[in-house]
Amino acid sequence: MTVVEKKRPIRTCVACRSSSEKKELIRIVRRTGGEVEIDPTGKAPGRGAYICRNATCVAMAAKKKGLDRALRTTAPAELYEKLMQVVQENENAGR
Ligand SMILES: [Zn+2]
């Protein structure tokens, strides 16, 4: 296992492919059991994918199946719905 220290972790959004600091993105994790869920802690074990905290990227990921590719599974429609709720709450909270 590689541990990256000192450098801030940078991750790529599955939708727009731009890189941001990990904390700026939402992590989605594929659990070892195969369930796909949002990982608010960013630390859940499993294969992770990242997406920007904005509705545009969530919609784009849903359309292009960006998460499916990143996680090598099929993300359920409910997951995108949940993500959409999270980013909308986030946008409202920022005002
Ligand atoms: Zn993005």
# chains A, B, ... in the order shown; residues from 1 in each chain; ligands from 1

$ residues_around --residues "Ile26 of chain A" --least-positions-apart "2" --cutoff "10 Å" --atoms "only C-alpha atoms" --output "PyMOL selection string"
chain A and resi 13+22-24+28-29+38-42+48-54+83+86-87

$ residues_around --residues "Arg69 of chain A" --least-positions-apart "3" --cutoff "12 Å" --atoms "only C-alpha atoms" --output "PyMOL selection string"
chain A and resi 14-15+30+47-50+61-62+64-66+72-75

$ write_last_selection --atoms "all heavy atoms" --output "CSV table (one decimal), in the first residue's frame"
chain,number,residue,atom,x,y,z
A,14,VAL,N,-15.0,12.3,-12.3
A,14,VAL,CA,-15.4,11.3,-13.3
A,14,VAL,C,-16.2,11.9,-14.4
A,14,VAL,O,-16.3,11.4,-15.5
A,14,VAL,CB,-16.2,10.1,-12.8
A,14,VAL,CG1,-15.3,9.3,-11.8
A,14,VAL,CG2,-17.5,10.5,-12.1
A,15,ALA,N,-16.8,13.1,-14.2
A,15,ALA,CA,-17.6,13.7,-15.2
A,15,ALA,C,-16.8,14.7,-16.1
A,15,ALA,O,-16.7,14.5,-17.3
A,15,ALA,CB,-18.8,14.4,-14.6
A,30,ARG,N,-17.3,1.8,-4.1
A,30,ARG,CA,-17.9,0.5,-4.4
A,30,ARG,C,-17.3,-0.4,-3.3
A,30,ARG,O,-16.2,-0.7,-3.2
A,30,ARG,CB,-17.5,0.0,-5.8
A,30,ARG,CG,-18.2,-1.3,-6.1
A,30,ARG,CD,-17.7,-1.9,-7.4
A,30,ARG,NE,-16.6,-2.7,-7.1
A,30,ARG,CZ,-15.7,-3.3,-8.0
A,30,ARG,NH1,-15.9,-3.0,-9.3
A,30,ARG,NH2,-14.7,-4.0,-7.7
A,47,ARG,N,-13.3,0.5,-3.8
A,47,ARG,CA,-12.8,1.2,-5.0
A,47,ARG,C,-13.5,2.6,-5.0
A,47,ARG,O,-14.7,2.6,-5.0
A,47,ARG,CB,-13.1,0.4,-6.2
A,47,ARG,CG,-12.5,1.0,-7.5
A,47,ARG,CD,-12.9,0.2,-8.7
A,47,ARG,NE,-12.3,0.9,-9.9
A,47,ARG,CZ,-11.0,0.7,-10.2
A,47,ARG,NH1,-10.3,-0.2,-9.6
A,47,ARG,NH2,-10.5,1.3,-11.2
A,48,GLY,N,-12.8,3.7,-5.1
A,48,GLY,CA,-13.4,5.0,-5.0
A,48,GLY,C,-13.4,5.7,-6.3
A,48,GLY,O,-12.5,5.5,-7.2
A,49,ALA,N,-14.4,6.6,-6.5
A,49,ALA,CA,-14.4,7.5,-7.6
A,49,ALA,C,-14.8,8.8,-7.1
A,49,ALA,O,-15.4,8.9,-6.0
A,49,ALA,CB,-15.4,7.0,-8.6
A,50,TYR,N,-14.5,9.9,-7.8
A,50,TYR,CA,-14.7,11.2,-7.3
A,50,TYR,C,-15.5,12.1,-8.3
A,50,TYR,O,-15.4,11.9,-9.5
A,50,TYR,CB,-13.4,11.9,-7.0
A,50,TYR,CG,-12.6,11.2,-5.9
A,50,TYR,CD1,-11.9,10.1,-6.1
A,50,TYR,CD2,-12.7,11.6,-4.6
A,50,TYR,CE1,-11.2,9.4,-5.1
A,50,TYR,CE2,-12.1,11.0,-3.5
A,50,TYR,CZ,-11.3,9.9,-3.8
A,50,TYR,OH,-10.7,9.2,-2.8
A,61,ALA,N,-22.3,12.9,-15.2
A,61,ALA,CA,-21.9,11.5,-14.8
A,61,ALA,C,-23.1,10.6,-15.0
A,61,ALA,O,-22.9,9.4,-15.5
A,61,ALA,CB,-21.4,11.5,-13.4
A,62,ALA,N,-24.3,11.0,-14.7
A,62,ALA,CA,-25.4,10.1,-14.8
A,62,ALA,C,-25.7,9.8,-16.3
A,62,ALA,O,-26.0,8.7,-16.7
A,62,ALA,CB,-26.7,10.8,-14.3
A,64,LYS,N,-23.4,10.1,-18.9
A,64,LYS,CA,-22.3,9.4,-19.5
A,64,LYS,C,-21.9,8.1,-18.8
A,64,LYS,O,-20.9,7.5,-19.2
A,64,LYS,CB,-21.1,10.3,-19.6
A,64,LYS,CG,-21.2,11.5,-20.5
A,64,LYS,CD,-19.9,12.2,-20.5
A,64,LYS,CE,-19.9,13.3,-21.5
A,64,LYS,NZ,-18.5,14.0,-21.5
A,65,LYS,N,-22.5,7.8,-17.7
A,65,LYS,CA,-22.2,6.6,-16.9
A,65,LYS,C,-20.7,6.7,-16.5
A,65,LYS,O,-20.0,5.7,-16.5
A,65,LYS,CB,-22.4,5.3,-17.7
A,65,LYS,CG,-23.8,5.2,-18.3
A,65,LYS,CD,-24.7,4.7,-17.3
A,65,LYS,CE,-26.1,4.5,-17.9
A,65,LYS,NZ,-27.2,4.6,-16.8
A,66,GLY,N,-20.3,7.9,-16.1
A,66,GLY,CA,-18.9,8.1,-15.7
A,66,GLY,C,-18.5,7.2,-14.5
A,66,GLY,O,-17.4,6.7,-14.4
A,72,ARG,N,-16.2,0.3,-12.3
A,72,ARG,CA,-16.3,-1.0,-13.0
A,72,ARG,C,-17.5,-1.7,-12.5
A,72,ARG,O,-17.5,-2.9,-12.2
A,72,ARG,CB,-15.1,-1.8,-12.8
A,72,ARG,CG,-13.8,-1.0,-13.3
A,72,ARG,CD,-12.7,-1.9,-13.8
A,72,ARG,NE,-11.6,-1.0,-14.3
A,72,ARG,CZ,-10.4,-1.1,-13.8
A,72,ARG,NH1,-10.1,-2.0,-12.9
A,72,ARG,NH2,-9.5,-0.3,-14.2
A,73,THR,N,-18.6,-1.0,-12.4
A,73,THR,CA,-19.9,-1.7,-12.0
A,73,THR,C,-21.0,-0.8,-12.5
A,73,THR,O,-20.7,0.2,-13.2
A,73,THR,CB,-20.0,-1.8,-10.4
A,73,THR,OG1,-21.1,-2.6,-10.1
A,73,THR,CG2,-20.0,-0.5,-9.7
A,74,THR,N,-22.2,-1.1,-12.2
A,74,THR,CA,-23.3,-0.2,-12.6
A,74,THR,C,-23.8,0.5,-11.4
A,74,THR,O,-24.3,-0.1,-10.4
A,74,THR,CB,-24.5,-1.1,-13.2
A,74,THR,OG1,-23.9,-1.8,-14.3
A,74,THR,CG2,-25.6,-0.2,-13.7
A,75,ALA,N,-23.7,1.8,-11.4
A,75,ALA,CA,-24.2,2.6,-10.3
A,75,ALA,C,-25.7,2.8,-10.5
A,75,ALA,O,-26.2,3.1,-11.5
A,75,ALA,CB,-23.5,4.0,-10.4

$ closest_residue --among "A:Pro9, A:Asp68, A:Ala59, A:Ala93" --to "Tyr80 of chain A" --atoms "only C-alpha atoms"
A:Ala59

$ atom_distance --atom1 "atom CA of Ile10 of chain A" --atom2 "atom CA of Gly46 of chain A"
17.9 Å

$ atom_distance --atom1 "atom CA of Glu89 of chain A" --atom2 "atom CA of Lys7 of chain A"
29.5 Å

$ select_by_dssp --residues "chain A" --states "strand (DSSP E or B)" --output "VMD selection string"
chain A and resid 10 to 13 19 to 21 25 to 30 36 to 39 47 to 52

$ closest_residue --among "A:Cys57, A:Val36, A:Ala77, A:Ala44" --to "ligand 1" --atoms "only C-alpha atoms and all ligand atoms"
A:Cys57

$ atom_distance --atom1 "atom CA of Arg31 of chain A" --atom2 "atom CA of Met84 of chain A"
20.5 Å

$ closest_residue --among "A:Pro45, A:Glu78, A:Arg17, A:Arg11" --to "ligand 1" --atoms "only C-alpha atoms and all ligand atoms"
A:Arg17

$ closest_residue --among "A:Ser19, A:Pro76, A:Lys82, A:Lys63" --to "ligand 1" --atoms "only C-alpha atoms and all ligand atoms"
A:Ser19

$ select_by_dssp --residues "segment 11-77 of chain A" --states "alpha helix (DSSP H)" --output "VMD selection string"
chain A and resid 55 to 64 66 to 71 77

$ write_last_selection --atoms "C-alpha atoms" --output "tab-separated table (two decimals), in the first residue's frame"
chain	number	residue	atom	x	y	z
A	55	ALA	CA	-25.19	19.49	-10.21
A	56	THR	CA	-23.66	19.85	-13.66
A	57	CYS	CA	-21.11	17.15	-13.03
A	58	VAL	CA	-23.61	14.84	-11.34
A	59	ALA	CA	-25.95	15.17	-14.32
A	60	MET	CA	-23.09	14.61	-16.72
A	61	ALA	CA	-21.91	11.54	-14.83
A	62	ALA	CA	-25.44	10.12	-14.85
A	63	LYS	CA	-25.72	10.66	-18.58
A	64	LYS	CA	-22.30	9.38	-19.53
A	66	GLY	CA	-18.90	8.05	-15.70
A	67	LEU	CA	-19.16	6.35	-12.35
A	68	ASP	CA	-19.85	3.00	-13.94
A	69	ARG	CA	-16.60	3.22	-15.79
A	70	ALA	CA	-14.60	4.43	-12.83
A	71	LEU	CA	-16.02	1.84	-10.46
A	77	ALA	CA	-30.12	5.47	-10.53
